[in-house]
Amino acid sequence: MEDFTPTTEDVRLIWIISQTGCKARAEFDRWLAAHDAEVREQTLDALRPEYSDLIPTIRARLNQ
């Protein structure tokens with residue numbers, strides 16, 4: 001049996017269904033954006049020692 005990995009949309013819909021109120025989708029999207037930003041920063045922190053001269057370019061491209 002293969003492991004099932006839900007898509008972001010699957011997780012979003014499950015979370016929305018489990019919540020009450022019409023703001024659930026926006027709340028989830030804010031959480032996901034904050035999570036993604038945190039992961040990007042952690043990745044940049046991990047790259048910093050070896051690629052410090054490229055970090056500004058990488059950050060600019062991620063924020064486009």
# chains A, B, ... in the order shown; residues from 1 in each chain; ligands from 1
call {"tool": "residues_around", "arguments": {"residues": "segment 33-46 of chain A", "least_positions_apart": "4", "cutoff": "10 Å", "atoms": "only C-alpha atoms", "output": "list in words"}}
result
Glu27, Phe28, Asp29, Glu50, Tyr51, Ser52, Leu54, Ile55, Pro56, Ile58, Arg59, Leu62 and Asn63 of chain A
call {"tool": "write_last_selection", "arguments": {"atoms": "all heavy atoms", "output": "compact mmCIF listing (two decimals), in the first residue's frame"}}
result
# COMPACT_ATOMS: atom_id res chain seq x y z
N GLU A 27 -8.41 32.37 6.97
CA GLU A 27 -7.55 32.03 8.10
C GLU A 27 -6.53 30.97 7.70
O GLU A 27 -5.35 31.07 8.04
CB GLU A 27 -8.39 31.54 9.28
CG GLU A 27 -9.21 32.62 9.93
CD GLU A 27 -10.19 32.08 10.95
OE1 GLU A 27 -10.27 30.84 11.14
OE2 GLU A 27 -10.89 32.88 11.58
N PHE A 28 -6.99 29.95 6.99
CA PHE A 28 -6.07 28.91 6.55
C PHE A 28 -5.02 29.49 5.60
O PHE A 28 -3.83 29.19 5.72
CB PHE A 28 -6.82 27.77 5.85
CG PHE A 28 -5.89 26.66 5.42
CD1 PHE A 28 -5.57 25.64 6.29
CD2 PHE A 28 -5.32 26.67 4.15
CE1 PHE A 28 -4.69 24.63 5.91
CE2 PHE A 28 -4.45 25.67 3.76
CZ PHE A 28 -4.14 24.65 4.64
N ASP A 29 -5.45 30.31 4.67
CA ASP A 29 -4.51 30.89 3.71
C ASP A 29 -3.47 31.76 4.41
O ASP A 29 -2.30 31.76 4.03
CB ASP A 29 -5.25 31.67 2.63
CG ASP A 29 -6.02 30.75 1.68
OD1 ASP A 29 -5.73 29.54 1.65
OD2 ASP A 29 -6.91 31.26 0.98
N GLU A 50 27.34 29.11 3.49
CA GLU A 50 28.05 28.79 2.26
C GLU A 50 27.71 29.72 1.10
O GLU A 50 28.51 29.85 0.18
CB GLU A 50 27.73 27.35 1.86
CG GLU A 50 28.25 26.33 2.85
CD GLU A 50 27.92 24.92 2.45
OE1 GLU A 50 27.98 24.61 1.25
OE2 GLU A 50 27.59 24.13 3.35
N TYR A 51 26.54 30.31 1.13
CA TYR A 51 26.08 31.09 -0.01
C TYR A 51 25.66 32.50 0.38
O TYR A 51 24.75 33.07 -0.20
CB TYR A 51 24.90 30.38 -0.69
CG TYR A 51 25.25 28.99 -1.16
CD1 TYR A 51 24.88 27.88 -0.42
CD2 TYR A 51 25.96 28.81 -2.33
CE1 TYR A 51 25.21 26.60 -0.85
CE2 TYR A 51 26.30 27.54 -2.76
CZ TYR A 51 25.93 26.43 -2.03
OH TYR A 51 26.26 25.18 -2.45
N SER A 52 26.32 33.07 1.35
CA SER A 52 25.89 34.37 1.88
C SER A 52 25.86 35.46 0.81
O SER A 52 25.02 36.35 0.87
CB SER A 52 26.79 34.80 3.03
OG SER A 52 28.14 34.91 2.60
N LEU A 54 24.84 35.11 -2.19
CA LEU A 54 23.67 34.91 -3.06
C LEU A 54 22.34 35.15 -2.36
O LEU A 54 21.30 35.23 -3.01
CB LEU A 54 23.67 33.49 -3.63
CG LEU A 54 24.83 33.13 -4.55
CD1 LEU A 54 24.74 31.67 -4.93
CD2 LEU A 54 24.83 34.01 -5.78
N ILE A 55 22.35 35.24 -1.04
CA ILE A 55 21.11 35.36 -0.27
C ILE A 55 20.23 36.53 -0.73
O ILE A 55 19.03 36.35 -0.93
CB ILE A 55 21.38 35.43 1.24
CG1 ILE A 55 22.06 34.15 1.72
CG2 ILE A 55 20.11 35.71 2.03
CD1 ILE A 55 21.25 32.88 1.53
N PRO A 56 20.77 37.74 -0.94
CA PRO A 56 19.90 38.83 -1.39
C PRO A 56 19.20 38.52 -2.72
O PRO A 56 18.02 38.83 -2.91
CB PRO A 56 20.86 40.02 -1.54
CG PRO A 56 21.97 39.70 -0.60
CD PRO A 56 22.13 38.21 -0.67
N ILE A 58 18.50 35.46 -3.94
CA ILE A 58 17.51 34.39 -3.68
C ILE A 58 16.27 35.00 -3.02
O ILE A 58 15.15 34.70 -3.41
CB ILE A 58 18.12 33.29 -2.81
CG1 ILE A 58 19.24 32.56 -3.58
CG2 ILE A 58 17.05 32.30 -2.35
CD1 ILE A 58 20.07 31.63 -2.72
N ARG A 59 16.48 35.84 -2.00
CA ARG A 59 15.35 36.45 -1.29
C ARG A 59 14.50 37.29 -2.25
O ARG A 59 13.27 37.23 -2.22
CB ARG A 59 15.85 37.30 -0.14
CG ARG A 59 14.70 37.93 0.65
CD ARG A 59 15.15 38.63 1.90
NE ARG A 59 15.25 37.64 2.97
CZ ARG A 59 16.37 37.35 3.61
NH1 ARG A 59 17.49 37.99 3.34
NH2 ARG A 59 16.38 36.46 4.58
N LEU A 62 12.39 34.99 -4.41
CA LEU A 62 11.31 34.36 -3.65
C LEU A 62 10.16 35.32 -3.38
O LEU A 62 9.00 34.91 -3.27
CB LEU A 62 11.84 33.81 -2.32
CG LEU A 62 12.72 32.59 -2.38
CD1 LEU A 62 13.30 32.29 -1.01
CD2 LEU A 62 11.96 31.39 -2.90
N ASN A 63 10.46 36.59 -3.27
CA ASN A 63 9.43 37.57 -2.95
C ASN A 63 8.75 38.17 -4.17
O ASN A 63 7.92 39.05 -4.04
CB ASN A 63 10.04 38.70 -2.10
CG ASN A 63 10.40 38.22 -0.72
OD1 ASN A 63 9.74 37.34 -0.18
ND2 ASN A 63 11.45 38.75 -0.16
call {"tool": "atom_distance", "arguments": {"atom1": "atom CA of Ala26 of chain A", "atom2": "atom CA of Arg12 of chain A"}}
result
10.1 Å
